[in-house]
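J.: Can you keep this structure in mind? I'll have questions shortly.
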Amino acid sequence: MARRAIVAANWKMNGGLALINTIIDGLTSVELQENVDVVICPSFPFLSELISQAKVNKLDKVIHVGAQNISAHESGAYTGEVSTQMLQELSVEFAIIGHSERRSYYKETSTQIAHKVNAALKAGITPILCIGESEAERVAEQTETVLASQLQPVIDEVGIEKFIDVVIAYEPVWAIGTGKTASSEMAQETHKFIRQFLAKVNANVADKVPLLYGGSVNASNCEELFAQPDIDGGLIGGASLQVEQFKVICSTAKGK
Ligand code: 13P
């Protein structure tokens, strides 16, 4: 078994040309351990600039580029949406799908998210499928039920074999942007549940799927989190906007 580690930056609705320059400068000197992919997900208008800056600065082997969302539709009258074909044309390799902010503010359902994962896979774009429970759900001991209800529609739609090309990010909603990280034990326990849930359908696939933790990951807590057996890296919000912190997080990750 060999799983790559992934450190993905979700810039959310932050950053622009200046941050692209800073991240390019910063990652020029980053020292990554073996089997690590760094993925930067800026807003749509900046994808193309990031891709060309990475190329010009010979960082295109280090920096992979991802979108923060995609449309499930191929093309047509969907004002404001961005298709996988458009992203493919730019050589975008990853797409965050089903982030909790999209689920809560834009009312994306697990069924719509499953359609998006399918669209990404068909276009050869690696989906970073986000799942996670709210604080109330954790307190009510509903975490596993919620995660299962978020995963099952995707498994039903794309088939478990396709999960070999999927990255899952477990982001407890109560830990996002709050400074409250899940303890490494709690995060590991939940990641283990996710892997076992997939293993019930296909153990080989479950072994290979990278599972990222997200929610207030920073330069100080990443080492303990990434050391957990079922945590294969992180999806980083706030700390990814601070390049020195992000560099520490990237250089801490290691493939398993
Ligand atoms: P923070 O790292 O800011 O908590 O955000 C996590 C997140 O939502 C990444 O997708």
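Following the order of the structure tokens, first chain is A, next is B, and so on, with residues numbered from 1 inside each chain and ligands from 1 in the order they appear.
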Quick one: residues within 6 Å of Gly234 in chain A, only C-alpha atoms counted, chain neighbours fewer than 6 positions away excluded, as an NGL selection string?
T.: :A and (7 or 212-214)
J.: Could the residues in this selection be written to a file with N, CA, C and O atoms, as a compact mmCIF listing (two decimals), in the first residue's frame?
T.:
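This is the output file part_19.txt:
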```
# COMPACT_ATOMS: atom_id res chain seq x y z
N VAL A 7 -1.46 18.21 0.30
CA VAL A 7 -1.75 19.42 1.07
C VAL A 7 -2.43 20.37 0.09
O VAL A 7 -1.82 20.80 -0.90
N LEU A 212 -8.02 13.53 3.62
CA LEU A 212 -7.42 14.76 4.16
C LEU A 212 -8.25 15.26 5.33
O LEU A 212 -9.47 15.14 5.33
N TYR A 213 -7.57 15.86 6.29
CA TYR A 213 -8.29 16.51 7.38
C TYR A 213 -8.31 18.02 7.12
O TYR A 213 -7.29 18.59 6.69
N GLY A 214 -9.44 18.66 7.38
CA GLY A 214 -9.51 20.11 7.25
C GLY A 214 -10.27 20.72 8.42
O GLY A 214 -11.22 20.12 8.95
```
J.: Show me which residues sit within 10 Å of ligand 1 when counting only C-alpha atoms and all ligand atoms, and put them as a PyMOL selection string.
T.: chain A and resi 8-12+41+68+96-101+128+130+169-181+213-218+234-241
J.: Give me every strand (DSSP E or B) residue in range 40-216 of chain A, going by DSSP on the backbone, as a list of chain:residue names.
T.: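 The strand (DSSP E or B) subset of range 40-216 of chain A is A:Ile40, A:Cys41, A:Ile63, A:His64, A:Val65, A:Gly66, A:Ala67, A:Phe94, A:Ala95, A:Ile96, A:Ile97, A:Thr126, A:Pro127, A:Ile128, A:Leu129, A:Cys130, A:Ile131, A:Val167, A:Ile168, A:Ala169, A:Tyr170, A:Leu211, A:Leu212, A:Tyr213, A:Gly214.
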J.: If you run DSSP on the backbone, which residues of range 16-254 of chain A are alpha helix (DSSP H), as number ranges by chain?
T.: A: 17-28, 47-56, 84-89, 100-105, 110-122, 135-139, 143-158, 184-199, 203-208, 222-226, 243-252
J.: Tell me which protein, DNA and RNA residues are within 6 Å of range 203-207 of chain A, counting only C-alpha atoms, leaving out same-chain ones fewer than 5 positions away, and put them as a ChimeraX atom specification.
T.: /A:164,195,198
J.: Out of A:Asn69, A:Ser83, A:Thr252, A:Asn202, which residue has the shortest atom-to-atom distance to Ser43 in chain A when counting only C-alpha atoms?
T.: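 Checking each of A:Asn69, A:Ser83, A:Thr252, A:Asn202 against Ser43 in chain A, counting only C-alpha atoms, the winner is A:Asn69.
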J.: Name all residues at most 10 Å from Val154 in chain A (count only C-alpha atoms; drop same-chain ones fewer than 4 positions away) and give them as a list of chain:residue names.
T.: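 Residues near the query, excluding close chain neighbours: A:Ser110, A:Thr111, A:Gln112, A:Ile113, A:Ala114, A:His115, A:Lys116, A:Val117, A:Asn118, A:Leu129, A:Ser149, A:Gln150, A:Val158, A:Gly159, A:Ile160, A:Phe163.
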J.: What does the distance between CA of Pro127 in chain A and CA of Val139 in chain A come to in Å, to one decimal place?
T.: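 About the pair CA of Pro127 in chain A and CA of Val139 in chain A: they are 29.1 Å apart.
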J.: Neighbours of Asn57 in chain A within 10 Å (only C-alpha atoms; same-chain residues fewer than 2 positions away dropped), as a list in words?
T.: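 Those residues are Ile24, Asp25, Thr28, Ser52, Gln53, Ala54, Lys55, Leu59 and Asp60 of chain A.
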J.: Save out the residues we just selected, C-alpha atoms, as a compact mmCIF listing (two decimals), in the first residue's frame.
T.:
```
# COMPACT_ATOMS: atom_id res chain seq x y z
CA ILE A 24 5.15 31.27 -6.06
CA ASP A 25 8.05 32.97 -4.24
CA THR A 28 10.27 28.06 -4.78
CA SER A 52 1.14 30.13 -16.03
CA GLN A 53 3.16 31.53 -13.11
CA ALA A 54 3.88 28.00 -11.90
CA LYS A 55 5.07 27.07 -15.38
CA LEU A 59 7.14 24.99 -10.29
CA ASP A 60 4.61 23.11 -12.35
```
J.: Suppose you want the space between CA of Arg138 in chain A and CA of Phe193 in chain A; what is it in Å?
T.: 14.1 Å
J.: Leaving out Gly80 in chain A and any residue of its chain fewer than 4 positions from it, which residues lie within 12 Å of it when counting only C-alpha atoms, given as a ChimeraX atom specification?
T.: /A:44,69-71,75-76
J.: May I have the selected residues written with N, CA and C atoms, as a CSV table (one decimal), in the first residue's frame?
T.:
```csv
chain,number,residue,atom,x,y,z
A,44,PHE,N,-11.9,31.2,-9.4
A,44,PHE,CA,-11.8,31.0,-10.8
A,44,PHE,C,-11.0,32.0,-11.6
A,69,ASN,N,-15.0,24.7,-7.0
A,69,ASN,CA,-16.3,24.3,-7.3
A,69,ASN,C,-16.4,24.0,-8.8
A,70,ILE,N,-17.3,23.2,-9.3
A,70,ILE,CA,-17.6,23.1,-10.7
A,70,ILE,C,-19.1,22.9,-10.9
A,71,SER,N,-19.5,23.1,-12.2
A,71,SER,CA,-20.8,22.8,-12.5
A,71,SER,C,-21.0,21.3,-12.9
A,75,SER,N,-22.5,22.1,-20.5
A,75,SER,CA,-22.4,23.5,-21.1
A,75,SER,C,-23.9,24.0,-21.2
A,76,GLY,N,-24.0,25.2,-21.6
A,76,GLY,CA,-25.4,25.7,-21.9
A,76,GLY,C,-25.8,26.9,-21.0
```
J.: Check the smallest atom-to-atom distance from each of A:Ala219, A:Ile20, A:Val243, A:Ile155 to Lys200 in chain A using only C-alpha atoms, then report the winner.
T.: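 Using only C-alpha atoms, the shortest distance to Lys200 in chain A belongs to A:Ile155.
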J.: Go through A:Val62, A:Gly124, A:Thr190, A:Leu211 and flag the residue nearest Gln88 in chain A, using only C-alpha atoms for the distances.
T.: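 Checking each candidate against Gln88 in chain A, we get A:Gly124 as the closest.
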J.: Given the choices A:Ala18, A:Leu121, A:Ala95, A:Ala67, which gets closest to Lys162 in chain A if the distance is worked out from only C-alpha atoms?
T.: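 Nearest candidate to Lys162 in chain A out of A:Ala18, A:Leu121, A:Ala95, A:Ala67: A:Leu121.
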J.: Extract, using only C-alpha atoms, all DNA, RNA and protein residues at most 10 Å from Val146 in chain A, discarding same-chain residues fewer than 3 positions from it, and format them as a PyMOL selection string.
T.: chain A and resi 131-134+137-138+141-143+149-151
J.: Can I get the selected residues back with C-alpha atoms, as a tab-separated table (two decimals), in the first residue's frame?
T.:
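After the write, out33.tsv holds the following:
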```tsv
chain	number	residue	atom	x	y	z
A	131	ILE	CA	-17.72	15.80	4.01
A	132	GLY	CA	-18.23	16.72	7.65
A	133	GLU	CA	-20.70	17.03	10.49
A	134	SER	CA	-21.95	20.14	12.28
A	137	GLU	CA	-24.59	16.57	14.87
A	138	ARG	CA	-21.33	15.71	16.69
A	141	GLU	CA	-23.52	11.44	18.21
A	142	GLN	CA	-24.73	11.58	14.62
A	143	THR	CA	-21.26	12.03	13.06
A	149	SER	CA	-25.29	9.96	4.22
A	150	GLN	CA	-22.80	12.27	2.47
A	151	LEU	CA	-20.70	9.43	1.04
```
J.: Give the answer as one residue: which of A:Glu161, A:Glu74, A:Glu135, A:Glu144 has the shortest atom-to-atom distance to Ala120 in chain A, using only C-alpha atoms?
T.: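 Between A:Glu161, A:Glu74, A:Glu135, A:Glu144, the residue approaching Ala120 in chain A most closely is A:Glu74.
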J.: With distances taken over only C-alpha atoms, which of A:Ile168, A:Ala77, A:Ile40, A:Ala119 is nearest to Val92 in chain A?
T.: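 For Val92 in chain A, the nearest of the given residues is A:Ile40.
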